[in-house]
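Asker: If it helps, the file is called final-v4.csv and holds CSV, C-alpha atoms:
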chain,number,residue,atom,x,y,z
A,1,MET,CA,-105.9,190.8,-79.9
A,2,LEU,CA,-102.1,191.4,-79.4
A,3,ALA,CA,-101.0,194.7,-80.9
A,4,THR,CA,-97.6,196.5,-81.0
A,5,MET,CA,-97.2,200.3,-81.1
A,6,GLU,CA,-94.1,201.9,-82.5
A,7,SER,CA,-92.2,204.7,-80.7
A,8,VAL,CA,-94.8,205.4,-78.0
A,9,LEU,CA,-92.0,207.2,-76.0
A,10,ASP,CA,-89.8,209.7,-77.9
A,11,TRP,CA,-86.1,209.9,-77.1
A,12,PRO,CA,-86.3,212.8,-74.6
A,13,ALA,CA,-88.9,211.0,-72.5
A,14,LEU,CA,-87.1,207.7,-72.7
A,15,LYS,CA,-83.8,209.3,-71.6
A,16,GLU,CA,-85.5,211.0,-68.7
A,17,ILE,CA,-87.2,207.8,-67.5
A,18,ARG,CA,-83.9,205.8,-67.9
A,19,LYS,CA,-82.1,208.4,-65.8
A,20,ALA,CA,-84.7,208.2,-63.1
A,21,LEU,CA,-84.5,204.5,-63.0
A,22,ALA,CA,-80.7,204.5,-62.8
A,23,GLU,CA,-80.9,206.7,-59.8
A,24,GLY,CA,-84.1,205.3,-58.3
A,25,ASN,CA,-84.8,203.0,-55.3
A,26,PHE,CA,-85.9,199.6,-56.3
A,27,VAL,CA,-87.8,197.1,-54.1
A,28,ASP,CA,-88.7,193.4,-54.4
A,29,GLY,CA,-91.3,193.0,-57.1
A,30,GLN,CA,-93.3,190.6,-55.0
A,31,LYS,CA,-94.6,193.5,-53.0
A,32,THR,CA,-97.1,194.4,-55.8
A,33,ALA,CA,-98.0,190.8,-56.9
A,34,GLY,CA,-101.2,189.1,-56.1
A,35,SER,CA,-101.3,186.1,-53.8
A,36,ARG,CA,-100.7,183.5,-56.5
A,37,ALA,CA,-98.4,185.6,-58.7
A,38,LYS,CA,-96.0,186.0,-55.7
A,39,ARG,CA,-94.9,182.4,-56.3
A,40,VAL,CA,-93.5,183.1,-59.7
A,41,LYS,CA,-92.5,186.8,-59.6
A,42,HIS,CA,-88.8,187.4,-59.4
A,43,ASN,CA,-87.9,190.9,-60.4
A,44,GLU,CA,-87.4,194.4,-58.9
A,45,GLN,CA,-89.7,197.4,-59.2
A,46,LEU,CA,-89.2,201.1,-58.6
A,47,SER,CA,-90.5,202.1,-55.2
A,48,PRO,CA,-93.9,203.7,-55.3
A,49,ARG,CA,-92.4,206.4,-53.0
A,50,ASP,CA,-89.5,207.2,-55.2
A,51,ASP,CA,-89.2,211.0,-55.8
A,52,SER,CA,-89.2,210.6,-59.6
A,53,ARG,CA,-92.5,208.6,-59.8
A,54,LYS,CA,-94.9,211.4,-60.3
A,55,GLN,CA,-93.0,212.8,-63.3
A,56,ILE,CA,-92.2,209.5,-65.1
A,57,ASP,CA,-95.7,208.0,-64.4
A,58,LYS,CA,-97.0,211.1,-66.3
A,59,LEU,CA,-94.5,210.7,-69.1
A,60,VAL,CA,-95.7,207.1,-69.8
A,61,VAL,CA,-99.5,207.7,-69.4
A,62,ASP,CA,-99.4,210.9,-71.5
A,63,ALA,CA,-97.4,209.2,-74.2
A,64,LEU,CA,-100.0,206.4,-74.4
A,65,ARG,CA,-102.9,208.8,-74.5
A,66,ARG,CA,-101.3,210.7,-77.4
A,67,ASN,CA,-100.6,207.6,-79.4
A,68,ALA,CA,-103.3,207.1,-82.1
A,69,GLU,CA,-102.7,203.4,-82.5
A,70,PHE,CA,-103.1,202.9,-78.7
A,71,GLN,CA,-106.4,204.8,-78.8
A,72,ARG,CA,-107.7,202.6,-81.7
A,73,VAL,CA,-106.6,199.3,-80.2
A,74,VAL,CA,-107.5,199.9,-76.5
A,75,ILE,CA,-110.3,202.6,-76.6
A,76,PRO,CA,-109.1,203.6,-73.1
A,77,ARG,CA,-111.4,204.8,-70.3
A,78,SER,CA,-108.8,204.8,-67.4
A,79,ILE,CA,-105.1,204.0,-67.3
A,80,GLN,CA,-103.6,202.6,-64.1
A,81,ARG,CA,-100.4,204.1,-62.6
A,82,PRO,CA,-97.5,202.3,-64.3
A,83,LEU,CA,-95.1,199.9,-62.5
A,84,PHE,CA,-91.4,200.2,-63.5
A,85,SER,CA,-89.7,196.8,-63.5
A,86,ARG,CA,-86.1,195.7,-63.6
A,87,TYR,CA,-84.8,192.3,-64.5
A,88,GLY,CA,-81.2,191.3,-64.0
A,89,PRO,CA,-79.6,187.9,-64.8
A,90,GLY,CA,-81.6,185.0,-63.4
A,91,MET,CA,-84.7,187.1,-62.9
A,92,ASN,CA,-88.1,186.2,-64.5
A,93,TYR,CA,-91.8,186.3,-64.0
A,94,GLY,CA,-93.5,182.9,-64.4
A,95,ILE,CA,-96.8,182.1,-66.0
A,96,HIS,CA,-99.6,184.2,-64.5
A,97,VAL,CA,-102.8,186.1,-65.3
A,98,ASP,CA,-103.1,189.7,-64.2
A,99,ASP,CA,-105.5,190.6,-61.4
A,100,ALA,CA,-109.0,191.5,-62.6
A,101,LEU,CA,-109.3,194.6,-60.4
A,102,MET,CA,-106.3,197.0,-59.9
A,103,GLY,CA,-105.5,199.9,-57.7
A,104,SER,CA,-106.2,201.1,-54.1
A,105,GLY,CA,-109.5,202.7,-53.2
A,106,VAL,CA,-111.6,202.9,-56.3
A,107,LYS,CA,-110.7,199.9,-58.4
A,108,LEU,CA,-110.0,199.8,-62.1
A,109,ARG,CA,-111.0,196.7,-64.1
A,110,SER,CA,-108.0,195.4,-66.0
A,111,ASP,CA,-109.2,194.9,-69.6
A,112,VAL,CA,-105.9,195.5,-71.4
A,113,SER,CA,-102.3,195.0,-70.2
A,114,VAL,CA,-99.6,197.2,-71.7
A,115,THR,CA,-95.8,196.8,-71.6
A,116,VAL,CA,-93.7,199.7,-72.7
A,117,PHE,CA,-90.1,198.5,-73.4
A,118,LEU,CA,-87.4,200.8,-71.9
A,119,SER,CA,-84.4,198.7,-72.9
A,120,ASN,CA,-83.3,197.8,-76.4
A,121,PRO,CA,-83.4,194.1,-77.4
A,122,ASP,CA,-79.6,194.0,-77.6
A,123,ASP,CA,-79.3,195.3,-74.0
A,124,TYR,CA,-80.2,191.9,-72.6
A,125,ASP,CA,-80.4,188.2,-73.4
A,126,GLY,CA,-83.7,186.4,-72.8
A,127,GLY,CA,-86.4,188.3,-71.1
A,128,GLU,CA,-89.0,187.9,-73.8
A,129,LEU,CA,-92.6,188.6,-73.0
A,130,GLU,CA,-94.4,185.3,-73.8
A,131,MET,CA,-98.2,184.9,-74.3
A,132,VAL,CA,-100.0,181.7,-74.1
A,133,SER,CA,-102.4,181.4,-77.1
A,134,PRO,CA,-104.4,178.7,-78.9
A,135,PHE,CA,-101.8,178.9,-81.7
A,136,GLY,CA,-98.8,178.3,-79.3
A,137,PRO,CA,-96.5,180.7,-77.5
A,138,GLN,CA,-96.2,184.2,-78.9
A,139,GLU,CA,-93.0,186.0,-77.9
A,140,VAL,CA,-92.6,189.8,-77.9
A,141,LYS,CA,-89.3,191.7,-77.5
A,142,LEU,CA,-89.5,195.2,-78.9
A,143,PRO,CA,-87.2,198.3,-79.3
A,144,ALA,CA,-87.0,200.8,-76.5
A,145,GLY,CA,-90.0,203.1,-76.5
A,146,TRP,CA,-92.3,200.7,-78.3
A,147,ALA,CA,-95.3,199.1,-76.5
A,148,VAL,CA,-97.4,196.0,-76.7
A,149,ALA,CA,-101.0,195.7,-75.6
A,150,TYR,CA,-102.9,192.4,-75.0
A,151,PRO,CA,-106.0,191.3,-73.1
A,152,SER,CA,-105.4,191.1,-69.4
A,153,SER,CA,-107.1,187.7,-69.3
A,154,THR,CA,-104.2,186.2,-71.2
A,155,LEU,CA,-101.8,183.8,-69.4
A,156,HIS,CA,-98.3,185.2,-69.9
A,157,ARG,CA,-94.8,185.3,-68.5
A,158,VAL,CA,-91.4,187.1,-68.8
A,159,LYS,CA,-88.8,184.6,-69.6
A,160,PRO,CA,-85.5,184.5,-67.6
A,161,VAL,CA,-83.0,187.2,-68.3
A,162,THR,CA,-79.6,185.5,-68.8
A,163,ALA,CA,-77.4,188.6,-69.4
A,164,GLY,CA,-77.8,192.4,-69.2
A,165,GLU,CA,-80.8,194.3,-67.8
A,166,ARG,CA,-84.4,194.5,-68.9
A,167,LEU,CA,-86.3,197.6,-68.0
A,168,ALA,CA,-90.0,198.0,-68.7
A,169,ALA,CA,-93.0,200.0,-67.7
A,170,VAL,CA,-96.2,198.0,-67.2
A,171,THR,CA,-99.7,199.4,-66.9
A,172,TRP,CA,-103.3,198.3,-67.1
A,173,VAL,CA,-106.3,199.9,-68.9
A,174,GLN,CA,-110.0,199.8,-68.3
A,175,SER,CA,-111.5,200.1,-71.8
A,176,TYR,CA,-114.8,201.6,-72.8
A,177,ILE,CA,-115.3,198.2,-74.5
A,178,ALA,CA,-114.8,195.4,-72.0
A,179,ASP,CA,-115.1,192.5,-74.5
A,180,PRO,CA,-111.8,191.9,-76.4
A,181,ALA,CA,-113.7,190.3,-79.4
A,182,ARG,CA,-115.7,193.5,-79.7
A,183,ARG,CA,-112.6,195.7,-79.4
A,184,GLU,CA,-111.1,193.7,-82.3
A,185,ILE,CA,-114.2,194.2,-84.4
A,186,LEU,CA,-114.1,197.9,-83.8
A,187,TYR,CA,-110.4,198.1,-84.6
A,188,ASP,CA,-110.9,196.3,-87.9
A,189,LEU,CA,-113.9,198.5,-88.8
A,190,ASP,CA,-112.0,201.6,-87.9
A,191,LYS,CA,-109.3,200.6,-90.4
A,192,ILE,CA,-111.9,200.1,-93.0
A,193,ARG,CA,-113.7,203.5,-92.4
A,194,ARG,CA,-110.4,205.4,-92.4
A,195,ARG,CA,-109.3,203.7,-95.6
A,196,LEU,CA,-112.7,204.5,-97.3
A,197,GLY,CA,-112.4,208.0,-96.0
A,198,ASN,CA,-109.1,208.5,-97.9
A,199,LEU,CA,-110.3,206.7,-101.1
A,200,ASP,CA,-113.8,208.1,-101.4
A,201,PRO,CA,-114.5,210.7,-98.7
A,202,ASP,CA,-118.0,211.5,-100.1
A,203,GLY,CA,-119.0,207.9,-100.9
A,204,GLU,CA,-122.2,206.3,-99.5
A,205,GLU,CA,-120.2,203.3,-98.3
A,206,THR,CA,-117.9,205.6,-96.4
A,207,ASP,CA,-120.8,207.2,-94.6
A,208,LEU,CA,-122.2,203.7,-93.8
A,209,ALA,CA,-118.8,202.6,-92.4
A,210,PHE,CA,-118.5,205.6,-90.2
A,211,LYS,CA,-122.2,205.1,-89.1
A,212,ALA,CA,-121.6,201.4,-88.3
A,213,TYR,CA,-118.5,202.2,-86.2
A,214,ALA,CA,-120.2,205.0,-84.3
A,215,ASN,CA,-123.3,202.9,-83.6
A,216,LEU,CA,-121.4,199.8,-82.5
A,217,LEU,CA,-119.3,202.0,-80.2
A,218,ARG,CA,-122.5,203.5,-78.8
A,219,MET,CA,-124.1,200.0,-78.4
A,220,TRP,CA,-121.1,198.3,-76.7
A,221,SER,CA,-119.4,201.1,-74.7
A,222,GLU,CA,-119.6,201.5,-70.9
A,223,ALA,CA,-119.6,205.2,-70.4
Kindly transcribe the structure held in the file into structure tokens.

Answerer:
Amino acid sequence: MLATMESVLDWPALKEIRKALAEGNFVDGQKTAGSRAKRVKHNEQLSPRDDSRKQIDKLVVDALRRNAEFQRVVIPRSIQRPLFSRYGPGMNYGIHVDDALMGSGVKLRSDVSVTVFLSNPDDYDGGELEMVSPFGPQEVKLPAGWAVAYPSSTLHRVKPVTAGERLAAVTWVQSYIADPARREILYDLDKIRRRLGNLDPDGEETDLAFKAYANLLRMWSEA
């Protein structure tokens, strides 16, 4: 399931991150690409040793954890340290799939990929995040501070930027629910139970919806 989340980053956080990126040290994005992705990755990324990284990493991760829609869609167990990417004219990231295991030392399984947009759509031309799907290509280009989450198993690319500058934070999540189809079922059921809770808080059907959600989560989760 592809899901967008409005205003994950508020303006003060977005402003602080943009300032850090404007002053930061960027390196070739291929340094963090897997062996196959190196062939098609043409962007820049904020150096992992940049002085600002600890603070702006925390801003992104904390904002995601506070976002109710992110919690419902992803059911996160662990969130990987973000990468901050920059695309200028002519830069792109060709078709690829994200690595199954992320991080150094203890590995995190990448169940869900998340892009937090740091530039507004009118700041750059091109640069759409494009997913390969059975229904044809799906393009995403969101306002600054918004985010999109999608299964990490999805083939996707960042189309070439033709003008301006595209800034984004990208991270990966290990979910308590590894199967994307099960995550979607839980997401739909959560909407139903919350709706019933508003319409008929003491109803038998409301209790059953909450029970079904809790028991499926218990059955499918990897604690």

Asker: Within 10 Å of Arg53 (chain A), counting all atoms listed in the file, which residues qualify if same-chain residues fewer than 3 places away don't, as JSON, numbers by chain?

Answerer: {"A": [17, 20, 21, 24, 46, 47, 48, 49, 50, 56, 57, 58, 59, 81, 82, 83, 84]}

Asker: Write the selection just made, keeping C-alpha atoms, as a short mmCIF file (atom, residue, chain, number, x, y, z; two decimals), in the frame of the given file?

Answerer:
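Generated file (result-v5.cif):
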data_model
loop_
_atom_site.label_atom_id
_atom_site.label_comp_id
_atom_site.auth_asym_id
_atom_site.auth_seq_id
_atom_site.Cartn_x
_atom_site.Cartn_y
_atom_site.Cartn_z
CA ILE A 17 -87.20 207.80 -67.50
CA ALA A 20 -84.70 208.20 -63.10
CA LEU A 21 -84.50 204.50 -63.00
CA GLY A 24 -84.10 205.30 -58.30
CA LEU A 46 -89.20 201.10 -58.60
CA SER A 47 -90.50 202.10 -55.20
CA PRO A 48 -93.90 203.70 -55.30
CA ARG A 49 -92.40 206.40 -53.00
CA ASP A 50 -89.50 207.20 -55.20
CA ILE A 56 -92.20 209.50 -65.10
CA ASP A 57 -95.70 208.00 -64.40
CA LYS A 58 -97.00 211.10 -66.30
CA LEU A 59 -94.50 210.70 -69.10
CA ARG A 81 -100.40 204.10 -62.60
CA PRO A 82 -97.50 202.30 -64.30
CA LEU A 83 -95.10 199.90 -62.50
CA PHE A 84 -91.40 200.20 -63.50
#

Asker: Set the distance at 9 Å and use only C-alpha atoms: which residues neighbour Arg18 (chain A) once local chain neighbours fewer than 5 positions away are removed? I'd like the list as a ChimeraX atom specification.

Answerer: /A:13,23,118-119,167

Asker: Put those residues in a file: C-alpha atoms, as an mmCIF file, keeping the file's coordinate frame.

Answerer:
data_model
loop_
_atom_site.group_PDB
_atom_site.id
_atom_site.type_symbol
_atom_site.label_atom_id
_atom_site.label_comp_id
_atom_site.auth_asym_id
_atom_site.auth_seq_id
_atom_site.Cartn_x
_atom_site.Cartn_y
_atom_site.Cartn_z
ATOM 1 C CA ALA A 13 -88.900 211.000 -72.500
ATOM 2 C CA GLU A 23 -80.900 206.700 -59.800
ATOM 3 C CA LEU A 118 -87.400 200.800 -71.900
ATOM 4 C CA SER A 119 -84.400 198.700 -72.900
ATOM 5 C CA LEU A 167 -86.300 197.600 -68.000
#

Asker: With all atoms listed in the file as the atoms that count, which of A:Glu165, A:Glu6, A:Asp51, A:Asp179 lies nearest to Phe70 (chain A)?

Answerer: A:Glu6

Asker: Of the residues A:Lys211, A:Arg183, A:Arg218, A:Arg193, which is the one nearest to Ala3 (chain A), using all atoms listed in the file?

Answerer: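 Of the candidates, the smallest distance to Ala3 (chain A) is held by A:Arg183.
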
Asker: Could you tell me how far CA of Asn92 (chain A) sits from CA of Ala149 (chain A), in Å to one decimal place?

Answerer: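 Computed distance, CA of Ala149 (chain A) to CA of Asn92 (chain A), equals 19.5 Å.
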
Asker: Which residue is closest to Gly126 (chain A)? Choose from A:Lys54, A:Lys159, A:Arg77, A:Arg86 and count all atoms listed in the file.

Answerer: A:Lys159
